[in-house]
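So the structure is just underneath, and the comments pick up after that.
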Amino acid sequence: MKVQVFAALKDYFDKEFELKEDVDNVTELRQYLTELNTSAGNMLKTCRFAIDDEFVDQNYQLKENDTISVIPPSSGG
Amino acid sequence: MKVQVFAALKDYFDKEFELKEDVDNVTELRQYLTELNTSAGNMLKTCRFAIDDEFVDQNYQLKENDTISVIPPSSGG
Amino acid sequence: MKYISETPLDIVGLFADAHHPQAGAIVLFSGEVRDNNLGMSVDYLEYEAHESMASKMVAAILNEARTKWPLDIAVAQHRTGKVAVGESAVVVITASPHRSEAYAANRYIIDRIKHEVPIWKCEYFTDGTKKWGGNCNCHDVTGDVNKHVYEFDQLKS
Amino acid sequence: MKYISETPLDIVGLFADAHHPQAGAIVLFSGEVRDNNLGMSVDYLEYEAHESMASKMVAAILNEARTKWPLDIAVAQHRTGKVAVGESAVVVITASPHRSEAYAANRYIIDRIKHEVPIWKCEYFTDGTKKWGGNCNCHDVTGDVNKHVYEFDQLKS
């Protein structure tokens, strides 16, 4: 599974990285990333997750070939 | 005193004409114009009057050298 | 600033000038001539103004908008004479630090221009007929030719 | 239609294309980079997008606006990369037969883009520091990252 992060999250994680760990769903992925870098914890709480350009909810079951995007709150405009 | 009319009023009156009659104030002028062309009566009821680029009220005392503009409701934009 | 123009409005030029380092939001409104009105096919419009009075009133409306909102830019220009379908009859540009004020001021300015400023349109239809109007009929509701029903008043903003 | 652009937004070109014989009202919003924010002097901004996702979302927002209002034109484009003070970061153009709908749709589109579309700005200040953000913080109020407080909802319109 691949993880892509954006914007301020790039100060805490690589922009894109391979995830070998056994995480089943979005909730577990959020926990895993928070453990990986605790100072990103507050930010991760406000992030949404997307796969194939669509937001997925907390219970989405991650699949081996998924590329999951971690989407902080928007600040466009 | 000179009278200037605008827009649809030009279908009923000359665009600009000299007024020799003895009209004292705006109310009398409106009455006079209505008598001059009764089919413009309804339109004249909704018009405002202006002198030197400023609206004047019903009681404004007309002076000999005034040029008075008869202003139908706006339809700009 | 020219508020009443006999020649086509230079919207691109007016917009190009409407930038300000403190303005984060620019709103431009262009009122353009439609090819139809009231079910009739429109050939062109002709606008007439009491020019000296209209200029002063547009200037006053822009100043009042500046007292109500923190505007970096507030400009408006209305066309007179023959205006073809698709051409702009009136343009309003407002700019402010944040967008809410630029939108609100823009609506305020165009509403007041349309209701109050001595400018009139005559519609020429493709069947050869013409019609003055699309008048402000607010006096039917308010009972007073000096009292108007503005769209901007109906918004909370 | 290109919704996300790495090159400067061609506002004049987009506006020139945004005419329609049935549209009497055209509203253009341009969000531009201010020289200051939160009391700090801004050097430039840099915008990042999840581009494929942002493009689809802007397209969807424009379509939703078209279902809510009778729009002849609804276009929007957001810049990415480095954007200088005074340059436009986002443009929204709406056109409709009457002005009320063009204003309302325009606000709706920019509000939804700002709150929802995965685009982020990083501010670079003249003192050499940078700051991500000006984030949508609606979740602080709504308790849900998917629920936003829109300006357009606070207007009656």
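Residues in the structure tokens are named by chain (A, B, ... in the order shown) and by number from 1 within that chain; ligands are numbered from 1 in the order shown.
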
query: Given a cut-off of 12 Å, which residues of chain C touch chain A, counting only C-alpha atoms, written out as a list of chain:residue names?
result: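 Therefore, the residues near the partner are C:Gly24, C:Ala25, C:His98, C:Arg99.
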
Practice item. Fewer than 4 positions away in the same chain doesn't count, so skip those; otherwise give me all residues within 10 Å of region 21-37 of chain B, counting only C-alpha atoms, as a ChimeraX atom specification. Key: /B:1,3,12-13,41-45,47-50,56-64,68,70

Taking only C-alpha atoms into account, which residues of chain C are within 9 Å of chain D, as a PyMOL selection string?
chain C and resi 12+15-16+19-36+85-88+97-100+103+107+151-152+154-157

Please give chain B as a PDB file with C-alpha atoms, in the first residue's frame, after it has been superposed on chain A by least squares over all Cα atoms paired in order.
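The result, stored in selection-v9.pdb:
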ATOM      1  CA  MET B   1       0.027  -0.003   0.002  1.00  0.00           C
ATOM      2  CA  LYS B   2       1.253   3.483  -0.845  1.00  0.00           C
ATOM      3  CA  VAL B   3       0.676   6.608   1.254  1.00  0.00           C
ATOM      4  CA  GLN B   4       0.733  10.151  -0.186  1.00  0.00           C
ATOM      5  CA  VAL B   5       0.721  13.191   2.079  1.00  0.00           C
ATOM      6  CA  PHE B   6       0.139  16.835   1.205  1.00  0.00           C
ATOM      7  CA  ALA B   7       0.821  20.372   2.373  1.00  0.00           C
ATOM      8  CA  ALA B   8       1.901  20.733   6.018  1.00  0.00           C
ATOM      9  CA  LEU B   9       2.044  16.948   6.429  1.00  0.00           C
ATOM     10  CA  LYS B  10       5.165  16.965   4.260  1.00  0.00           C
ATOM     11  CA  ASP B  11       6.945  18.606   7.204  1.00  0.00           C
ATOM     12  CA  TYR B  12       6.322  15.368   9.149  1.00  0.00           C
ATOM     13  CA  PHE B  13       6.349  12.572   6.575  1.00  0.00           C
ATOM     14  CA  ASP B  14       7.860  11.777   3.198  1.00  0.00           C
ATOM     15  CA  LYS B  15       5.637  13.017   0.406  1.00  0.00           C
ATOM     16  CA  GLU B  16       5.026   9.442  -0.712  1.00  0.00           C
ATOM     17  CA  PHE B  17       6.024   6.186   0.924  1.00  0.00           C
ATOM     18  CA  GLU B  18       5.384   2.462   0.855  1.00  0.00           C
ATOM     19  CA  LEU B  19       3.588   1.000   3.853  1.00  0.00           C
ATOM     20  CA  LYS B  20       4.443  -2.602   4.649  1.00  0.00           C
ATOM     21  CA  GLU B  21       2.759  -2.750   8.056  1.00  0.00           C
ATOM     22  CA  ASP B  22      -0.463  -4.545   8.545  1.00  0.00           C
ATOM     23  CA  VAL B  23      -3.155  -1.840   8.779  1.00  0.00           C
ATOM     24  CA  ASP B  24      -6.662  -2.921   7.942  1.00  0.00           C
ATOM     25  CA  ASN B  25      -8.680   0.238   7.682  1.00  0.00           C
ATOM     26  CA  VAL B  26      -8.496   4.039   7.706  1.00  0.00           C
ATOM     27  CA  THR B  27      -8.799   4.294  11.491  1.00  0.00           C
ATOM     28  CA  GLU B  28      -5.791   2.013  11.938  1.00  0.00           C
ATOM     29  CA  LEU B  29      -3.818   3.937   9.331  1.00  0.00           C
ATOM     30  CA  ARG B  30      -4.438   7.195  11.190  1.00  0.00           C
ATOM     31  CA  GLN B  31      -3.255   5.562  14.426  1.00  0.00           C
ATOM     32  CA  TYR B  32      -0.196   4.132  12.722  1.00  0.00           C
ATOM     33  CA  LEU B  33       0.799   7.501  11.246  1.00  0.00           C
ATOM     34  CA  THR B  34       0.290   9.190  14.613  1.00  0.00           C
ATOM     35  CA  GLU B  35       2.634   6.681  16.245  1.00  0.00           C
ATOM     36  CA  LEU B  36       5.148   7.190  13.447  1.00  0.00           C
ATOM     37  CA  ASN B  37       5.268  10.926  14.190  1.00  0.00           C
ATOM     38  CA  THR B  38       3.384  12.004  17.305  1.00  0.00           C
ATOM     39  CA  SER B  39       3.834  15.726  16.600  1.00  0.00           C
ATOM     40  CA  ALA B  40       1.583  15.292  13.533  1.00  0.00           C
ATOM     41  CA  GLY B  41      -1.195  13.827  15.725  1.00  0.00           C
ATOM     42  CA  ASN B  42      -3.375  16.923  15.972  1.00  0.00           C
ATOM     43  CA  MET B  43      -3.126  17.531  12.249  1.00  0.00           C
ATOM     44  CA  LEU B  44      -3.978  13.921  11.438  1.00  0.00           C
ATOM     45  CA  LYS B  45      -7.171  14.205  13.490  1.00  0.00           C
ATOM     46  CA  THR B  46      -8.496  16.799  11.040  1.00  0.00           C
ATOM     47  CA  CYS B  47      -7.394  14.985   7.871  1.00  0.00           C
ATOM     48  CA  ARG B  48      -9.583  13.095   5.471  1.00  0.00           C
ATOM     49  CA  PHE B  49      -8.406  10.116   3.435  1.00  0.00           C
ATOM     50  CA  ALA B  50      -8.961   9.457  -0.239  1.00  0.00           C
ATOM     51  CA  ILE B  51      -8.409   6.611  -2.667  1.00  0.00           C
ATOM     52  CA  ASP B  52      -8.730   6.959  -6.446  1.00  0.00           C
ATOM     53  CA  ASP B  53      -9.789  10.616  -6.060  1.00  0.00           C
ATOM     54  CA  GLU B  54     -12.699   9.751  -3.768  1.00  0.00           C
ATOM     55  CA  PHE B  55     -12.925  10.324  -0.037  1.00  0.00           C
ATOM     56  CA  VAL B  56     -13.256   7.110   1.975  1.00  0.00           C
ATOM     57  CA  ASP B  57     -14.637   6.809   5.485  1.00  0.00           C
ATOM     58  CA  GLN B  58     -13.056   5.520   8.700  1.00  0.00           C
ATOM     59  CA  ASN B  59     -14.103   1.944   8.099  1.00  0.00           C
ATOM     60  CA  TYR B  60     -12.840   1.624   4.553  1.00  0.00           C
ATOM     61  CA  GLN B  61     -10.907  -1.668   4.295  1.00  0.00           C
ATOM     62  CA  LEU B  62      -7.496  -0.964   2.815  1.00  0.00           C
ATOM     63  CA  LYS B  63      -6.307  -3.187  -0.016  1.00  0.00           C
ATOM     64  CA  GLU B  64      -2.744  -4.103  -0.875  1.00  0.00           C
ATOM     65  CA  ASN B  65      -2.551  -2.057  -4.057  1.00  0.00           C
ATOM     66  CA  ASP B  66      -4.307   1.035  -2.738  1.00  0.00           C
ATOM     67  CA  THR B  67      -2.644   4.417  -2.944  1.00  0.00           C
ATOM     68  CA  ILE B  68      -4.121   6.380  -0.076  1.00  0.00           C
ATOM     69  CA  SER B  69      -3.990  10.187   0.042  1.00  0.00           C
ATOM     70  CA  VAL B  70      -3.960  11.941   3.386  1.00  0.00           C
ATOM     71  CA  ILE B  71      -5.852  15.201   2.879  1.00  0.00           C
ATOM     72  CA  PRO B  72      -5.482  18.057   5.404  1.00  0.00           C
ATOM     73  CA  PRO B  73      -8.268  20.660   5.624  1.00  0.00           C
ATOM     74  CA  SER B  74      -8.357  22.784   2.485  1.00  0.00           C
ATOM     75  CA  SER B  75      -6.744  26.208   2.373  1.00  0.00           C
ATOM     76  CA  GLY B  76      -7.222  27.151  -1.245  1.00  0.00           C
ATOM     77  CA  GLY B  77      -8.539  30.430  -2.585  1.00  0.00           C
TER      78      GLY B  77
END

For Pro118 (chain C), please output as an mmCIF file with N, CA and C atoms, in the first residue's frame all residues within 7 Å (counting only C-alpha atoms; exclusion window: fewer than 2 positions along the same chain).
data_model
loop_
_atom_site.group_PDB
_atom_site.id
_atom_site.type_symbol
_atom_site.label_atom_id
_atom_site.label_comp_id
_atom_site.auth_asym_id
_atom_site.auth_seq_id
_atom_site.Cartn_x
_atom_site.Cartn_y
_atom_site.Cartn_z
ATOM 1 N N ILE B 71 -37.902 63.653 -14.418
ATOM 2 C CA ILE B 71 -37.122 62.413 -14.344
ATOM 3 C C ILE B 71 -38.038 61.208 -14.134
ATOM 4 N N SER B 74 -36.042 55.262 -12.941
ATOM 5 C CA SER B 74 -34.835 54.784 -13.634
ATOM 6 C C SER B 74 -35.058 53.414 -14.269
ATOM 7 N N ALA C 49 -29.289 59.073 -20.693
ATOM 8 C CA ALA C 49 -29.012 59.483 -19.312
ATOM 9 C C ALA C 49 -29.181 60.984 -19.166
ATOM 10 N N HIS C 50 -29.529 61.414 -17.991
ATOM 11 C CA HIS C 50 -29.343 62.823 -17.614
ATOM 12 C C HIS C 50 -27.909 62.846 -17.131
ATOM 13 N N ALA C 54 -26.504 61.986 -13.530
ATOM 14 C CA ALA C 54 -26.165 60.568 -13.382
ATOM 15 C C ALA C 54 -24.715 60.413 -12.912
ATOM 16 N N GLU C 116 -31.974 54.194 -8.858
ATOM 17 C CA GLU C 116 -31.977 55.624 -8.549
ATOM 18 C C GLU C 116 -31.419 56.540 -9.614
ATOM 19 N N TRP C 120 -32.053 55.557 -18.574
ATOM 20 C CA TRP C 120 -33.235 54.829 -19.050
ATOM 21 C C TRP C 120 -32.878 54.005 -20.267
#

Exercise. What's the 7 Å shell around Ile109 (chain C), counting only C-alpha atoms, without same-chain residues fewer than 6 positions away, as a list of chain:residue names?
Worked result: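 My list of contacting residues is C:Ile61, C:Leu62, C:Ala65.
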
Could you save the residues just selected, with all heavy atoms, as a CSV table (one decimal), in the first residue's frame?
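In the end it all went to again-v5.csv:
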chain,number,residue,atom,x,y,z
C,61,ILE,N,-22.9,57.3,-4.9
C,61,ILE,CA,-23.1,55.9,-4.5
C,61,ILE,C,-21.8,55.2,-4.2
C,61,ILE,O,-21.7,54.5,-3.2
C,61,ILE,CB,-24.0,55.2,-5.6
C,61,ILE,CG1,-25.4,55.8,-5.7
C,61,ILE,CG2,-24.0,53.7,-5.4
C,61,ILE,CD1,-26.2,55.4,-6.9
C,62,LEU,N,-20.8,55.4,-5.1
C,62,LEU,CA,-19.5,54.8,-4.8
C,62,LEU,C,-18.9,55.2,-3.5
C,62,LEU,O,-18.4,54.5,-2.7
C,62,LEU,CB,-18.6,55.0,-6.0
C,62,LEU,CG,-18.9,54.4,-7.3
C,62,LEU,CD1,-18.0,54.9,-8.4
C,62,LEU,CD2,-18.9,52.9,-7.3
C,65,ALA,N,-20.7,53.6,-0.7
C,65,ALA,CA,-20.3,52.2,-0.5
C,65,ALA,C,-18.9,52.1,0.3
C,65,ALA,O,-18.7,51.3,1.1
C,65,ALA,CB,-20.1,51.5,-1.9

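Straight-line separation from CA of Glu6 (chain C) to CA of Gly133 (chain C): 19.5 Å.
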
- Task: Could you tell me, as a VMD selection string, which residues of chain C DSSP assigns to alpha helix (DSSP H) when given the backbone?
- Result: chain C and resid 11 to 17 51 to 68 99 to 116 138 to 142

One decimal place gives the CA of His78 (chain C)-CA of Ile119 (chain C) separation as 8.6 Å

Note to self: When DSSP is applied to the backbone of this structure, which of chain A are assigned strand (DSSP E)? Write them out as a PyMOL selection string.
What the structure shows: chain A and resi 2-5+16-18+48-51+54-56+67-71

Keeping only N, CA and C atoms, write those residues as a PDB file, in the first residue's frame.
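Contents of selection-v8.pdb, freshly written:
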ATOM      1  N   LYS A   2       0.446   2.259  -0.769  1.00  0.00           N
ATOM      2  CA  LYS A   2       1.240   3.486  -0.848  1.00  0.00           C
ATOM      3  C   LYS A   2       0.512   4.613  -0.108  1.00  0.00           C
ATOM      4  N   VAL A   3       1.268   5.459   0.572  1.00  0.00           N
ATOM      5  CA  VAL A   3       0.678   6.609   1.261  1.00  0.00           C
ATOM      6  C   VAL A   3       1.250   7.895   0.656  1.00  0.00           C
ATOM      7  N   GLN A   4       0.331   8.845   0.310  1.00  0.00           N
ATOM      8  CA  GLN A   4       0.738  10.163  -0.186  1.00  0.00           C
ATOM      9  C   GLN A   4       0.287  11.195   0.821  1.00  0.00           C
ATOM     10  N   VAL A   5       1.186  12.097   1.201  1.00  0.00           N
ATOM     11  CA  VAL A   5       0.732  13.177   2.079  1.00  0.00           C
ATOM     12  C   VAL A   5       0.902  14.522   1.382  1.00  0.00           C
ATOM     13  N   GLU A  16       5.652  10.686  -0.260  1.00  0.00           N
ATOM     14  CA  GLU A  16       5.032   9.435  -0.708  1.00  0.00           C
ATOM     15  C   GLU A  16       5.879   8.285  -0.176  1.00  0.00           C
ATOM     16  N   PHE A  17       5.249   7.309   0.421  1.00  0.00           N
ATOM     17  CA  PHE A  17       6.034   6.176   0.919  1.00  0.00           C
ATOM     18  C   PHE A  17       5.219   4.887   0.908  1.00  0.00           C
ATOM     19  N   GLU A  18       5.966   3.816   0.862  1.00  0.00           N
ATOM     20  CA  GLU A  18       5.393   2.462   0.844  1.00  0.00           C
ATOM     21  C   GLU A  18       5.096   2.061   2.281  1.00  0.00           C
ATOM     22  N   ARG A  48      -8.731  14.087   6.114  1.00  0.00           N
ATOM     23  CA  ARG A  48      -9.575  13.087   5.484  1.00  0.00           C
ATOM     24  C   ARG A  48      -8.661  12.195   4.631  1.00  0.00           C
ATOM     25  N   PHE A  49      -9.181  11.063   4.233  1.00  0.00           N
ATOM     26  CA  PHE A  49      -8.395  10.111   3.442  1.00  0.00           C
ATOM     27  C   PHE A  49      -9.118   9.835   2.136  1.00  0.00           C
ATOM     28  N   ALA A  50      -8.338   9.673   1.073  1.00  0.00           N
ATOM     29  CA  ALA A  50      -8.961   9.456  -0.238  1.00  0.00           C
ATOM     30  C   ALA A  50      -8.206   8.373  -0.994  1.00  0.00           C
ATOM     31  N   ILE A  51      -8.964   7.621  -1.784  1.00  0.00           N
ATOM     32  CA  ILE A  51      -8.392   6.600  -2.670  1.00  0.00           C
ATOM     33  C   ILE A  51      -9.036   6.767  -4.036  1.00  0.00           C
ATOM     34  N   GLU A  54     -11.422   9.703  -4.496  1.00  0.00           N
ATOM     35  CA  GLU A  54     -12.685   9.755  -3.748  1.00  0.00           C
ATOM     36  C   GLU A  54     -12.381   9.641  -2.261  1.00  0.00           C
ATOM     37  N   PHE A  55     -13.083  10.458  -1.476  1.00  0.00           N
ATOM     38  CA  PHE A  55     -12.921  10.319  -0.028  1.00  0.00           C
ATOM     39  C   PHE A  55     -13.453   8.965   0.419  1.00  0.00           C
ATOM     40  N   VAL A  56     -12.770   8.376   1.411  1.00  0.00           N
ATOM     41  CA  VAL A  56     -13.249   7.108   1.988  1.00  0.00           C
ATOM     42  C   VAL A  56     -13.451   7.323   3.479  1.00  0.00           C
ATOM     43  N   THR A  67      -3.433   3.239  -3.241  1.00  0.00           N
ATOM     44  CA  THR A  67      -2.638   4.426  -2.934  1.00  0.00           C
ATOM     45  C   THR A  67      -3.561   5.353  -2.170  1.00  0.00           C
ATOM     46  N   ILE A  68      -3.195   5.586  -0.927  1.00  0.00           N
ATOM     47  CA  ILE A  68      -4.092   6.374  -0.084  1.00  0.00           C
ATOM     48  C   ILE A  68      -3.522   7.772   0.135  1.00  0.00           C
ATOM     49  N   SER A  69      -4.391   8.788  -0.120  1.00  0.00           N
ATOM     50  CA  SER A  69      -3.980  10.181   0.046  1.00  0.00           C
ATOM     51  C   SER A  69      -4.475  10.693   1.388  1.00  0.00           C
ATOM     52  N   VAL A  70      -3.587  11.352   2.112  1.00  0.00           N
ATOM     53  CA  VAL A  70      -3.958  11.940   3.397  1.00  0.00           C
ATOM     54  C   VAL A  70      -4.158  13.436   3.144  1.00  0.00           C
ATOM     55  N   ILE A  71      -5.401  13.883   3.344  1.00  0.00           N
ATOM     56  CA  ILE A  71      -5.844  15.201   2.874  1.00  0.00           C
ATOM     57  C   ILE A  71      -6.106  16.132   4.059  1.00  0.00           C
TER      58      ILE A  71
END

One-decimal distance in Å that lies between CA of Asn137 (chain C) and CA of Tyr47 (chain C):
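Distance reported for this atom pair: 18.1 Å.
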